[in-house]
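> Input file: final_14.txt. Contents: compact mmCIF, C-alpha atoms.
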# COMPACT_ATOMS: atom_id res chain seq x y z
CA MET S 1 -35.20 28.13 -20.60
CA VAL S 2 -35.67 24.54 -19.64
CA THR S 3 -36.06 23.73 -15.96
CA LEU S 4 -34.76 20.29 -15.08
CA ALA S 5 -36.88 18.16 -12.79
CA PRO S 6 -35.32 17.55 -9.35
CA VAL S 7 -33.09 14.48 -9.07
CA SER S 8 -33.42 12.26 -6.01
CA THR S 9 -30.52 10.35 -4.47
CA GLU S 10 -32.56 7.19 -5.16
CA ALA S 11 -32.56 8.05 -8.87
CA VAL S 12 -28.78 8.56 -8.76
CA LEU S 13 -28.31 5.21 -7.00
CA ALA S 14 -30.48 3.50 -9.61
CA VAL S 15 -28.17 4.82 -12.33
CA LEU S 16 -25.10 3.74 -10.36
CA GLU S 17 -26.53 0.19 -10.36
CA THR S 18 -25.76 0.19 -14.09
CA VAL S 19 -22.06 1.05 -13.62
CA HIS S 20 -20.03 -2.12 -13.43
CA ASP S 21 -16.57 -2.98 -12.21
CA PRO S 22 -14.41 -2.69 -15.36
CA GLU S 23 -12.80 -6.08 -14.65
CA ILE S 24 -15.91 -7.87 -13.37
CA PRO S 25 -18.78 -6.94 -15.71
CA THR S 26 -21.29 -9.03 -13.72
CA VAL S 27 -21.03 -6.87 -10.57
CA SER S 28 -22.23 -3.27 -10.22
CA ILE S 29 -20.27 -0.79 -8.12
CA VAL S 30 -23.31 -0.62 -5.79
CA ASP S 31 -23.25 -4.39 -5.20
CA LEU S 32 -19.49 -4.24 -4.78
CA GLY S 33 -20.11 -1.85 -1.87
CA LEU S 34 -18.07 0.97 -3.41
CA VAL S 35 -20.67 3.69 -2.93
CA HIS S 36 -20.07 5.50 0.36
CA ASP S 37 -22.18 8.61 -0.12
CA VAL S 38 -24.51 10.18 -2.68
CA ARG S 39 -25.63 13.79 -2.31
CA VAL S 40 -27.65 16.09 -4.53
CA ASP S 41 -27.27 19.76 -3.59
CA ASP S 42 -28.50 22.61 -5.79
CA GLY S 43 -28.66 20.19 -8.68
CA ARG S 44 -25.03 19.16 -8.25
CA ILE S 45 -24.40 15.43 -7.76
CA THR S 46 -21.59 14.46 -5.40
CA ILE S 47 -20.48 10.84 -5.15
CA GLU S 48 -17.98 9.43 -2.66
CA LEU S 49 -16.54 6.00 -3.42
CA LEU S 50 -14.41 3.63 -1.32
CA PRO S 51 -11.40 2.08 -3.08
CA THR S 52 -11.29 -1.72 -2.72
CA PHE S 53 -7.48 -1.65 -2.64
CA VAL S 54 -5.41 1.53 -2.28
CA ALA S 55 -3.46 0.74 -5.45
CA CYS S 56 -6.40 -0.54 -7.52
CA PRO S 57 -5.67 0.61 -11.10
CA ALA S 58 -9.39 0.50 -12.00
CA LEU S 59 -10.25 3.52 -9.84
CA GLU S 60 -9.79 6.15 -12.55
CA VAL S 61 -11.75 4.01 -15.02
CA ILE S 62 -14.58 3.71 -12.49
CA ARG S 63 -14.55 7.47 -11.88
CA ALA S 64 -14.79 8.16 -15.62
CA ASP S 65 -17.58 5.56 -16.03
CA VAL S 66 -19.60 7.10 -13.17
CA ILE S 67 -19.28 10.61 -14.60
CA ALA S 68 -20.19 9.43 -18.11
CA THR S 69 -23.17 7.36 -16.97
CA LEU S 70 -24.59 10.03 -14.64
CA GLY S 71 -24.17 12.56 -17.45
CA GLY S 72 -27.58 11.41 -18.67
CA LEU S 73 -29.16 13.16 -15.67
CA GLY S 74 -27.96 16.52 -17.01
CA ARG S 75 -26.31 17.67 -13.78
CA PRO S 76 -22.68 18.41 -12.89
CA VAL S 77 -21.11 15.39 -11.20
CA ASP S 78 -18.22 15.25 -8.72
CA VAL S 79 -16.68 11.87 -7.94
CA SER S 80 -14.09 11.44 -5.21
CA PHE S 81 -12.50 8.49 -3.44
CA THR S 82 -12.34 8.45 0.33
CA PHE S 83 -10.74 6.32 3.02
CA ALA S 84 -13.23 7.66 5.61
CA LEU S 85 -14.25 4.04 6.04
CA PRO S 86 -12.06 1.11 4.96
CA TRP S 87 -13.75 -0.89 2.21
CA THR S 88 -14.04 -4.51 3.32
CA THR S 89 -15.37 -7.58 1.56
CA ASP S 90 -18.32 -7.52 4.03
CA ARG S 91 -19.67 -4.66 1.92
CA LEU S 92 -20.43 -6.99 -1.01
CA THR S 93 -24.16 -7.60 -1.36
CA GLU S 94 -25.68 -11.04 -2.02
CA ALA S 95 -26.22 -9.94 -5.64
CA GLY S 96 -22.55 -8.94 -5.75
CA ARG S 97 -21.46 -12.34 -4.47
CA SER S 98 -23.53 -14.20 -7.05
CA GLY S 99 -22.24 -11.82 -9.75
CA LEU S 100 -18.69 -12.80 -8.79
CA ARG S 101 -19.57 -16.49 -9.15
CA ARG S 102 -21.02 -15.81 -12.61
CA ALA S 103 -17.66 -14.25 -13.57
CA GLY S 104 -15.87 -17.43 -12.37
CA ILE S 105 -14.56 -15.79 -9.20
CA ALA S 106 -15.26 -17.35 -5.80
CA PRO S 107 -16.73 -14.79 -3.38
CA PRO S 108 -14.52 -13.82 -0.43
CA ALA S 109 -14.34 -16.42 2.34
CA ALA S 110 -11.79 -17.92 4.70
CA PRO S 111 -9.61 -20.33 2.64
CA ALA S 112 -11.32 -23.33 4.28
CA ASP S 113 -14.76 -22.07 3.20
CA VAL S 114 -13.99 -21.30 -0.45
CA LEU S 115 -16.12 -23.24 -2.95
CA CYS S 116 -15.33 -23.78 -6.62
CA PRO S 117 -17.38 -21.14 -8.49
CA PHE S 118 -17.95 -23.59 -11.35
CA CYS S 119 -18.99 -26.88 -9.65
CA GLU S 120 -19.34 -25.79 -5.99
CA SER S 121 -16.94 -28.52 -4.87
CA ARG S 122 -15.04 -28.13 -1.61
CA ASP S 123 -12.22 -30.29 -3.02
CA ILE S 124 -10.00 -27.31 -3.80
CA ALA S 125 -6.47 -26.12 -3.04
CA MET S 126 -4.99 -22.64 -2.79
CA ASP S 127 -2.21 -22.25 -5.34
CA SER S 128 -1.21 -18.71 -4.45
CA LEU S 129 -2.29 -16.03 -2.02
CA PHE S 130 -1.67 -13.52 -4.80
CA GLY S 131 -3.41 -13.51 -8.16
CA PRO S 132 -3.70 -11.55 -11.39
CA ALA S 133 -5.31 -8.61 -9.59
CA LEU S 134 -4.59 -7.19 -6.13
CA CYS S 135 -8.01 -8.32 -4.89
CA ARG S 136 -7.71 -11.99 -5.84
CA SER S 137 -5.99 -15.28 -4.89
CA LEU S 138 -5.45 -18.36 -7.08
CA PHE S 139 -7.09 -21.73 -6.39
CA TYR S 140 -7.43 -25.06 -8.16
CA CYS S 141 -10.53 -27.30 -8.12
CA ARG S 142 -9.63 -30.99 -8.03
CA ALA S 143 -13.22 -32.02 -8.78
CA CYS S 144 -13.70 -30.20 -12.09
CA ARG S 145 -9.96 -29.66 -12.67
CA GLN S 146 -10.32 -25.95 -13.18
CA PRO S 147 -8.03 -23.27 -11.86
CA PHE S 148 -10.06 -20.35 -10.52
CA GLU S 149 -9.69 -17.03 -8.74
CA ALA S 150 -11.15 -16.16 -5.35
CA PHE S 151 -11.74 -12.64 -4.02
CA LYS S 152 -9.40 -12.03 -1.10
CA PRO S 153 -11.18 -11.48 2.21
CA ILE S 154 -10.02 -8.09 3.45
CA MET M 1 12.95 25.26 16.41
CA THR M 2 15.47 23.01 18.06
CA ASP M 3 13.31 20.00 17.15
CA PHE M 4 14.23 20.59 13.57
CA ALA M 5 17.93 21.34 13.74
CA ALA M 6 18.61 17.92 12.25
CA PHE M 7 16.53 18.69 9.15
CA GLU M 8 19.47 20.25 7.37
CA PRO M 9 21.36 17.11 6.37
CA LEU M 10 18.08 15.76 5.00
CA ALA M 11 18.06 18.31 2.16
CA ILE M 12 14.39 19.06 2.75
CA ASP M 13 13.16 22.47 3.78
CA PHE M 14 9.71 22.55 5.31
CA THR M 15 10.25 25.91 7.01
CA GLY M 16 7.59 27.53 4.85
CA ALA M 17 5.08 24.77 5.53
CA GLY M 18 3.66 26.08 8.79
CA ASP M 19 4.15 25.57 12.49
CA GLY M 20 6.09 22.83 14.25
CA ARG M 21 3.16 20.41 14.14
CA VAL M 22 2.74 20.76 10.38
CA ARG M 23 6.47 20.39 9.73
CA ALA M 24 6.77 17.31 11.92
CA LEU M 25 3.70 15.77 10.26
CA ALA M 26 5.10 16.54 6.79
CA LEU M 27 8.38 14.83 7.66
CA LEU M 28 6.58 11.74 9.00
CA LEU M 29 4.41 11.50 5.86
CA LEU M 30 7.39 12.00 3.55
CA THR M 31 9.48 9.32 5.25
CA MET M 32 6.61 6.82 5.19
CA ALA M 33 5.85 7.61 1.54
CA ASP M 34 9.49 7.40 0.46
CA ASP M 35 9.94 4.06 2.24
CA GLU M 36 6.94 2.57 0.44
CA PHE M 37 7.91 4.13 -2.89
CA VAL M 38 11.52 2.91 -2.87
CA ILE M 39 10.78 -0.66 -1.76
CA GLY M 40 7.82 -0.81 -4.15
CA PHE M 41 9.81 0.36 -7.14
CA SER M 42 12.82 -1.78 -6.26
CA ASP M 43 10.79 -4.98 -5.79
CA SER M 44 8.87 -4.34 -9.02
CA GLU M 45 12.11 -5.22 -10.82
CA TRP M 46 11.22 -8.87 -10.14
CA THR M 47 8.19 -8.68 -12.44
CA GLY M 48 8.82 -11.16 -15.23
CA ILE M 49 11.88 -12.74 -13.61
CA GLY M 50 10.51 -14.03 -10.28
CA PRO M 51 11.94 -17.42 -9.23
CA ILE M 52 8.63 -19.20 -9.94
CA LEU M 53 5.43 -17.99 -11.57
CA GLU M 54 3.44 -17.70 -8.32
CA GLU M 55 6.19 -15.64 -6.72
CA ASP M 56 6.51 -13.45 -9.78
CA VAL M 57 2.81 -12.67 -9.36
CA ALA M 58 3.12 -12.29 -5.58
CA ILE M 59 6.07 -9.87 -5.57
CA SER M 60 4.44 -7.86 -8.36
CA SER M 61 1.26 -7.55 -6.25
CA LEU M 62 3.26 -6.58 -3.17
CA ALA M 63 5.20 -3.96 -5.13
CA GLN M 64 1.97 -2.58 -6.64
CA ASP M 65 0.45 -2.30 -3.15
CA GLU M 66 3.48 -0.38 -1.88
CA LEU M 67 3.42 2.04 -4.82
CA GLY M 68 -0.30 2.65 -4.17
CA HIS M 69 0.39 3.31 -0.50
CA ALA M 70 3.18 5.70 -1.49
CA GLN M 71 0.87 7.55 -3.89
CA ALA M 72 -1.79 7.94 -1.18
CA LEU M 73 0.79 9.11 1.39
CA TYR M 74 2.30 11.62 -1.08
CA GLY M 75 -1.30 12.80 -1.57
CA LEU M 76 -1.66 13.47 2.18
CA LEU M 77 1.72 15.23 2.09
CA THR M 78 0.51 17.41 -0.78
CA ASP M 79 -2.51 18.49 1.31
CA THR M 80 -0.28 19.12 4.35
CA VAL M 81 2.51 21.11 2.71
CA ALA M 82 0.30 22.79 0.06
CA ASP M 83 3.23 24.27 -1.87
CA GLY M 84 1.85 23.43 -5.30
CA ARG M 85 3.64 20.10 -5.67
CA ASP M 86 1.38 17.13 -6.47
CA ALA M 87 2.01 13.47 -5.64
CA ASP M 88 3.95 12.88 -8.87
CA ALA M 89 6.17 15.89 -8.23
CA TRP M 90 7.01 14.50 -4.79
CA ALA M 91 7.65 11.04 -6.23
CA TYR M 92 9.75 12.01 -9.25
CA ASP M 93 11.10 15.55 -9.11
CA ARG M 94 13.66 15.36 -6.31
CA PRO M 95 17.41 14.68 -6.60
CA PRO M 96 18.55 11.39 -4.99
CA GLU M 97 19.70 13.11 -1.80
CA GLY M 98 16.22 14.61 -1.37
CA TYR M 99 14.64 11.20 -0.70
CA LEU M 100 14.17 10.31 2.94
CA HIS M 101 13.75 6.53 2.82
CA ALA M 102 15.49 4.43 5.46
CA ARG M 103 19.00 3.14 4.77
CA LEU M 104 17.68 -0.44 4.82
CA LEU M 105 16.07 0.37 1.46
CA ASP M 106 19.34 1.66 0.03
CA HIS M 107 20.46 -1.94 -0.47
CA HIS M 108 20.08 -3.38 -3.95
CA ARG M 109 17.26 -5.92 -4.09
CA GLY M 110 19.98 -8.56 -4.56
CA ASP M 111 19.02 -12.22 -4.95
CA TRP M 112 15.67 -13.68 -3.88
CA ALA M 113 16.93 -14.34 -0.33
CA ALA M 114 18.05 -10.71 0.00
CA THR M 115 14.71 -9.44 -1.33
CA ILE M 116 12.85 -11.64 1.18
CA ALA M 117 15.15 -10.66 4.05
CA ARG M 118 14.65 -6.98 3.29
CA ARG M 119 10.87 -7.37 2.85
CA TYR M 120 10.69 -9.25 6.15
CA LEU M 121 12.70 -6.62 8.05
CA TYR M 122 10.85 -3.73 6.41
CA ASP M 123 7.30 -5.10 6.62
CA THR M 124 7.64 -6.05 10.28
CA ALA M 125 9.13 -2.65 11.18
CA ASP M 126 6.54 -0.82 9.06
CA SER M 127 3.83 -2.79 10.85
CA ALA M 128 5.05 -1.43 14.22
CA ARG M 129 4.97 2.10 12.76
CA LEU M 130 1.49 1.66 11.27
CA GLU M 131 0.23 0.48 14.65
CA ALA M 132 1.60 3.68 16.21
CA VAL M 133 -0.25 5.93 13.73
CA ALA M 134 -3.47 3.88 13.56
CA SER M 135 -5.15 6.19 16.07
CA SER M 136 -3.39 9.34 14.85
CA SER M 137 -4.96 12.70 15.63
CA HIS M 138 -4.41 13.49 11.93
CA ARG M 139 -7.66 11.91 10.72
CA PRO M 140 -6.74 11.47 7.04
CA LEU M 141 -3.63 9.52 8.11
CA ALA M 142 -5.55 7.33 10.59
CA GLU M 143 -8.18 6.57 7.92
CA LEU M 144 -5.62 5.69 5.25
CA VAL M 145 -3.64 3.54 7.66
CA ALA M 146 -6.77 1.60 8.66
CA LYS M 147 -7.05 0.62 5.01
CA ILE M 148 -3.33 -0.03 4.50
CA ARG M 149 -3.11 -2.34 7.53
CA ARG M 150 -5.76 -4.65 6.06
CA GLU M 151 -3.57 -5.04 2.95
CA GLU M 152 -0.33 -5.37 4.88
CA ARG M 153 -1.70 -8.46 6.66
CA TYR M 154 -1.17 -10.30 3.37
CA HIS M 155 2.37 -8.94 3.11
CA LEU M 156 3.18 -10.21 6.60
CA MET M 157 1.76 -13.68 5.82
CA HIS M 158 3.91 -13.81 2.69
CA VAL M 159 7.21 -12.80 4.29
CA GLN M 160 6.61 -14.95 7.37
CA THR M 161 6.12 -18.01 5.16
CA TRP M 162 9.23 -17.23 3.12
CA ILE M 163 11.60 -16.44 5.97
CA GLU M 164 10.67 -19.80 7.53
CA ARG M 165 11.03 -21.60 4.22
CA LEU M 166 14.52 -20.20 3.54
CA ALA M 167 15.74 -20.67 7.12
CA ASP M 168 14.44 -24.24 7.42
CA ALA M 169 15.62 -25.34 3.98
CA GLY M 170 19.28 -25.42 5.02
CA GLY M 171 22.00 -25.53 2.38
CA GLU M 172 22.28 -22.71 -0.11
CA SER M 173 18.88 -21.20 0.80
CA ARG M 174 19.83 -20.71 4.43
CA ALA M 175 23.36 -19.60 3.55
CA ARG M 176 22.05 -16.89 1.24
CA LEU M 177 19.49 -15.77 3.85
CA LEU M 178 22.22 -15.54 6.50
CA ALA M 179 24.45 -13.53 4.15
CA ALA M 180 21.59 -11.12 3.42
CA LEU M 181 20.74 -10.69 7.11
CA GLU M 182 24.37 -10.07 7.92
CA ALA M 183 24.62 -7.38 5.24
CA MET M 184 21.34 -5.65 6.13
CA GLY M 185 21.06 -6.32 9.87
CA PRO M 186 22.83 -3.12 11.01
CA ASP M 187 20.50 -1.06 8.77
CA ALA M 188 17.23 -2.82 9.68
CA GLY M 189 16.40 -0.48 12.57
CA THR M 190 16.74 2.64 10.39
CA VAL M 191 13.02 2.38 9.50
CA LEU M 192 12.15 3.18 13.12
CA ALA M 193 15.01 5.61 13.91
CA PRO M 194 13.60 8.69 15.69
CA LEU M 195 12.65 11.56 13.39
CA PRO M 196 13.42 15.20 14.07
CA GLY M 197 10.10 16.58 15.27
CA GLU M 198 9.28 13.47 17.31
CA PRO M 199 8.41 15.53 20.43
CA SER M 200 5.90 17.50 18.35
CA LEU M 201 4.42 14.30 16.83
CA LEU M 202 3.93 12.91 20.34
CA ARG M 203 2.62 16.15 21.86
CA HIS M 204 -0.03 16.45 19.13
CA GLY M 205 -1.02 12.79 19.17
CA ILE M 206 0.10 12.20 15.56
CA ILE M 207 2.00 9.13 16.75
CA ALA M 208 0.89 7.19 19.83
CA GLU M 209 4.34 6.28 21.16
CA PRO M 210 8.02 7.20 20.70
CA PHE M 211 9.98 5.55 17.90
CA ALA M 212 12.13 3.82 20.54
CA THR M 213 9.00 2.04 21.84
CA MET M 214 8.00 0.98 18.32
CA GLU M 215 11.53 -0.29 17.75
CA ALA M 216 11.58 -2.28 21.01
CA ARG M 217 8.24 -3.93 20.13
CA TRP M 218 9.50 -4.73 16.62
CA ARG M 219 12.79 -6.19 17.95
CA ASP M 220 10.87 -8.40 20.40
CA GLY M 221 8.77 -9.87 17.59
CA VAL M 222 11.64 -10.36 15.14
CA GLY M 223 13.86 -11.72 17.93
CA ALA M 224 11.31 -14.40 18.84
CA THR M 225 11.02 -15.53 15.20
CA PHE M 226 14.80 -15.53 14.69
CA ARG M 227 15.43 -17.58 17.86
CA ARG M 228 12.84 -20.14 16.76
CA LEU M 229 14.54 -20.41 13.35
CA GLY M 230 18.06 -20.45 14.83
CA LEU M 231 18.99 -17.18 13.09
CA PRO M 232 21.44 -14.77 14.75
CA ASP M 233 20.05 -11.79 16.70
CA LEU M 234 19.70 -8.50 14.85
CA PRO M 235 22.54 -6.10 15.71
CA PRO M 236 21.77 -2.59 16.95
CA THR M 237 21.26 0.12 14.33
CA SER M 238 24.52 1.54 13.07
CA ASP M 239 24.79 5.34 12.79
CA PRO M 240 21.10 6.06 13.59
CA ALA M 241 21.73 9.83 13.19
CA HIS M 242 22.07 9.25 9.43
CA ALA M 243 19.31 6.67 9.13
CA ARG M 244 17.75 8.47 6.16
CA SER M 245 20.57 10.38 4.48
CA GLY M 246 23.74 9.74 2.49
CA HIS M 247 22.19 7.32 0.04
CA SER M 248 24.03 4.48 -1.69
CA ASP M 249 25.15 4.09 -5.30
CA ALA M 250 22.53 1.34 -5.61
CA PHE M 251 19.83 3.89 -4.79
CA ARG M 252 21.32 6.46 -7.17
CA ALA M 253 21.09 3.90 -9.97
CA LEU M 254 17.49 3.07 -8.98
CA HIS M 255 16.66 6.79 -8.87
CA ALA M 256 18.06 7.33 -12.39
CA GLU M 257 15.81 4.50 -13.58
CA LEU M 258 12.63 5.50 -11.77
CA THR M 259 12.81 9.13 -12.90
CA MET M 260 13.77 8.31 -16.50
CA VAL M 261 10.33 8.59 -18.08
CA ARG M 262 9.45 11.71 -16.12
CA ARG M 263 12.72 13.38 -17.16
CA SER M 264 12.36 12.36 -20.80
CA GLU M 265 9.42 14.75 -21.37
CA VAL M 266 9.10 17.32 -18.61
CA GLY M 267 5.47 18.23 -17.90
CA ALA M 268 3.98 15.41 -19.98
CA THR M 269 0.67 13.99 -18.76
CA TRP M 270 -0.73 10.52 -19.34
Show the structure stored in the file as structure tokens.


Amino acid sequence: MVTLAPVSTEAVLAVLETVHDPEIPTVSIVDLGLVHDVRVDDGRITIELLPTFVACPALEVIRADVIATLGGLGRPVDVSFTFALPWTTDRLTEAGRSGLRRAGIAPPAAPADVLCPFCESRDIAMDSLFGPALCRSLFYCRACRQPFEAFKPI
Amino acid sequence: MTDFAAFEPLAIDFTGAGDGRVRALALLLLTMADDEFVIGFSDSEWTGIGPILEEDVAISSLAQDELGHAQALYGLLTDTVADGRDADAWAYDRPPEGYLHARLLDHHRGDWAATIARRYLYDTADSARLEAVASSSHRPLAELVAKIRREERYHLMHVQTWIERLADAGGESRARLLAALEAMGPDAGTVLAPLPGEPSLLRHGIIAEPFATMEARWRDGVGATFRRLGLPDLPPTSDPAHARSGHSDAFRALHAELTMVRRSEVGATW
């Protein structure tokens, strides 16, 4: 019989750093601020995540990715979503914000403070409050003449 | 339970679901979920045919939000009633008369002005209701509503912009808006019509104030906007005792559509 070494919550978090938002591959779910709670009890790993938007269609993909990725630790994994705390864009880390820029998405800010993620110009205009995903608005940069998306502050 | 005498015309039987508190909570959750589900599904019909690209995207986002809110509320209902039905069963497996959405949402989505008028009336009324459950003693509801209200801020910005745009544009835009408000005005207050079980909801702190107080606050806000835009005052609610029953042919057609896939292969999973 093989006895598995104990797993620390830090080790679980380190693995979660490698799970990325399915639509934004440059941002991990940790840097997105999705991870609400990590517990390891009797070898069982329990993860609680905060949905960014109630209707976000990526939630089930994220759940499956977390279970598959943590599978490498050889422990049963439970993943649930909770509204115990509302997810807000303040939960994004600095690494998360720069990851958004790398994906061509302006990090969340008041409309007057949004910068073009490509050329950092302030010469921009909001085209639409609503974008291709629930979490994003549409902008246009007059300086580099690029349309771009910005994460909605919420 | 005299509180619940008026349940009968609603074609919903929560008598097995527990005490008065549980039954009143279940009815509140079901009405909120059905409102979000019906307006969400109805507005999603604009996807692909919105008047301009940005609005096609906007109304699709709004509709998706509402369907997500409905799914989460049906989930809370599932935990409350615990009769084996899951969120999908609540959403899809009831006959048309078993839905408890407000009569305002029985109207067909109509033209763009009608869709905006209905969204404006519904979102502002829903906002008054969400405020009244934000500090609910039912923790899962208070937590979900804290999240929903952050999303609904965007809905309110959208409808506020559009109601002003249509009212100020004059001509055909304003005429169509006026026609829509005239048709829907008497049904607007149905969203906040008192529910059977209201005394229990108040006694247990599930809602913070009576529906009449929510409605008065909502009418003050809408009234101020309408006066500024020169729109006629909203009339009182017609037939408030049947605010959520006796659904229209437009809803029956919508129901046939929204249950079509579910009915085509009973028990199928995705």

> Per residue of chain M within 9 Å of chain S, record the nearest atom pair and its distance in Å to one decimal, counting all atoms listed in the file, with rows in chain order and ascending residue number, as a tab-separated table.


residue	atom	partner	partner_atom	distance
M:Glu54	CA	S:Ser128	CA	6.1
M:Glu55	CA	S:Ser128	CA	8.3
M:Val57	CA	S:Gly131	CA	6.4
M:Ala58	CA	S:Phe130	CA	5.0
M:Ile59	CA	S:Phe130	CA	8.6
M:Ser61	CA	S:Leu134	CA	5.9
M:Leu62	CA	S:Leu134	CA	8.4
M:Gln64	CA	S:Ala55	CA	6.5
M:Asp65	CA	S:Ala55	CA	5.5
M:Glu66	CA	S:Ala55	CA	7.9
M:Leu67	CA	S:Ala55	CA	7.0
M:Gly68	CA	S:Ala55	CA	3.9
M:His69	CA	S:Val54	CA	6.3
M:Gln71	CA	S:Ala55	CA	8.2
M:Ala72	CA	S:Val54	CA	7.4
M:Arg139	CA	S:Ala84	CA	8.7
M:Pro140	CA	S:Ala84	CA	7.7
M:Glu143	CA	S:Phe83	CA	5.5
M:Leu144	CA	S:Phe83	CA	5.6
M:Val145	CA	S:Phe83	CA	8.9
M:Ala146	CA	S:Pro86	CA	6.5
M:Lys147	CA	S:Pro86	CA	5.0
M:Ile148	CA	S:Val54	CA	7.3
M:Arg150	CA	S:Ile154	CA	6.1
M:Glu151	CA	S:Ile154	CA	7.2
M:Arg153	CA	S:Ile154	CA	8.9
M:Tyr154	CA	S:Leu129	CA	7.9
M:His158	CA	S:Leu129	CA	8.1

> Under the rule of at most 12 Å, produce a per-residue listing of region 86-153 of chain M near region 160-183 of chain M: chain, number, name, the closest pair of atoms, and the distance in Å, as CSV, using all atoms listed in the file.


residue,atom,partner,partner_atom,distance
M:Arg103,CA,M:Ala183,CA,11.9
M:Leu104,CA,M:Ala183,CA,9.8
M:Asp106,CA,M:Ala183,CA,11.7
M:His107,CA,M:Ala183,CA,8.9
M:His108,CA,M:Ala180,CA,10.8
M:Arg109,CA,M:Ala180,CA,10.1
M:Gly110,CA,M:Ala180,CA,8.5
M:Asp111,CA,M:Arg176,CA,8.3
M:Trp112,CA,M:Arg176,CA,8.8
M:Ala113,CA,M:Leu177,CA,5.1
M:Ala114,CA,M:Ala180,CA,4.9
M:Thr115,CA,M:Ala180,CA,8.5
M:Ile116,CA,M:Ile163,CA,6.9
M:Ala117,CA,M:Leu181,CA,6.4
M:Arg118,CA,M:Ala180,CA,8.1
M:Arg119,CA,M:Ile163,CA,9.6
M:Tyr120,CA,M:Gln160,CA,7.1
M:Leu121,CA,M:Leu181,CA,9.1
M:Asp123,CA,M:Gln160,CA,9.9
M:Thr124,CA,M:Gln160,CA,9.4
M:Arg153,CA,M:Gln160,CA,10.6

> Would you export the selected residues with C-alpha atoms as a tab-separated table (two decimals), in the coordinates of the input, please?


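This went into part_27.tsv:
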chain	number	residue	atom	x	y	z
M	103	ARG	CA	19.00	3.14	4.77
M	104	LEU	CA	17.68	-0.44	4.82
M	106	ASP	CA	19.34	1.66	0.03
M	107	HIS	CA	20.46	-1.94	-0.47
M	108	HIS	CA	20.08	-3.38	-3.95
M	109	ARG	CA	17.26	-5.92	-4.09
M	110	GLY	CA	19.98	-8.56	-4.56
M	111	ASP	CA	19.02	-12.22	-4.95
M	112	TRP	CA	15.67	-13.68	-3.88
M	113	ALA	CA	16.93	-14.34	-0.33
M	114	ALA	CA	18.05	-10.71	0.00
M	115	THR	CA	14.71	-9.44	-1.33
M	116	ILE	CA	12.85	-11.64	1.18
M	117	ALA	CA	15.15	-10.66	4.05
M	118	ARG	CA	14.65	-6.98	3.29
M	119	ARG	CA	10.87	-7.37	2.85
M	120	TYR	CA	10.69	-9.25	6.15
M	121	LEU	CA	12.70	-6.62	8.05
M	123	ASP	CA	7.30	-5.10	6.62
M	124	THR	CA	7.64	-6.05	10.28
M	153	ARG	CA	-1.70	-8.46	6.66

> Could you state the separation of CA of Thr46 (chain S) and CA of Val27 (chain S) in Å, given to one decimal place?

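Those two atoms sit 22.0 Å apart.
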
> Go through S:Ala95, S:Ala11, S:Cys141, S:Leu73 and flag the residue nearest Ala125 (chain S), using only C-alpha atoms for the distances.

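Of all the options, S:Cys141 lies closest to Ala125 (chain S).
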
> Determine the nearest neighbour of Thr18 (chain S) from the options S:Leu92, S:Phe118, S:Asp65, S:Asp113, counting only C-alpha atoms.

S:Asp65

> List the spatial neighbours of region 28-45 of chain S as JSON, numbers by chain - criterion: any atom at most 6 Å away, only C-alpha atoms, same-chain residues fewer than 2 positions off excluded.

{"S": [17, 19, 20, 21, 47, 48, 49, 50, 75, 76, 77, 91, 92, 93, 96]}

> Just the number, please: distance in Å from CA of Leu115 (chain S) to CA of Arg149 (chain M), one decimal.

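Going from CA of Leu115 (chain S) over to CA of Arg149 (chain M) covers 26.8 Å.
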
> For CA of Ala64 (chain S) and CA of Ser60 (chain M), quote the distance in Å rounded to one decimal.

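These atoms are spaced 26.1 Å apart.
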
> Please determine, counting all atoms listed in the file, which residue among S:Ala103, S:Val79, S:Ala68, S:Ala5 has the shortest atom-to-atom distance to Glu23 (chain S).

S:Ala103

> Around (-14.6, -22.3, -1.1), as given in the file, which residues come within 12 Å? Count only C-alpha atoms and list them as a ChimeraX atom specification.

/S:101,105-126,137-141,148-153

> For the residues in that selection, give me C-alpha atoms as a compact mmCIF listing (two decimals), in the coordinates of the input.


# COMPACT_ATOMS: atom_id res chain seq x y z
CA ARG S 101 -19.57 -16.49 -9.15
CA ILE S 105 -14.56 -15.79 -9.20
CA ALA S 106 -15.26 -17.35 -5.80
CA PRO S 107 -16.73 -14.79 -3.38
CA PRO S 108 -14.52 -13.82 -0.43
CA ALA S 109 -14.34 -16.42 2.34
CA ALA S 110 -11.79 -17.92 4.70
CA PRO S 111 -9.61 -20.33 2.64
CA ALA S 112 -11.32 -23.33 4.28
CA ASP S 113 -14.76 -22.07 3.20
CA VAL S 114 -13.99 -21.30 -0.45
CA LEU S 115 -16.12 -23.24 -2.95
CA CYS S 116 -15.33 -23.78 -6.62
CA PRO S 117 -17.38 -21.14 -8.49
CA PHE S 118 -17.95 -23.59 -11.35
CA CYS S 119 -18.99 -26.88 -9.65
CA GLU S 120 -19.34 -25.79 -5.99
CA SER S 121 -16.94 -28.52 -4.87
CA ARG S 122 -15.04 -28.13 -1.61
CA ASP S 123 -12.22 -30.29 -3.02
CA ILE S 124 -10.00 -27.31 -3.80
CA ALA S 125 -6.47 -26.12 -3.04
CA MET S 126 -4.99 -22.64 -2.79
CA SER S 137 -5.99 -15.28 -4.89
CA LEU S 138 -5.45 -18.36 -7.08
CA PHE S 139 -7.09 -21.73 -6.39
CA TYR S 140 -7.43 -25.06 -8.16
CA CYS S 141 -10.53 -27.30 -8.12
CA PHE S 148 -10.06 -20.35 -10.52
CA GLU S 149 -9.69 -17.03 -8.74
CA ALA S 150 -11.15 -16.16 -5.35
CA PHE S 151 -11.74 -12.64 -4.02
CA LYS S 152 -9.40 -12.03 -1.10
CA PRO S 153 -11.18 -11.48 2.21
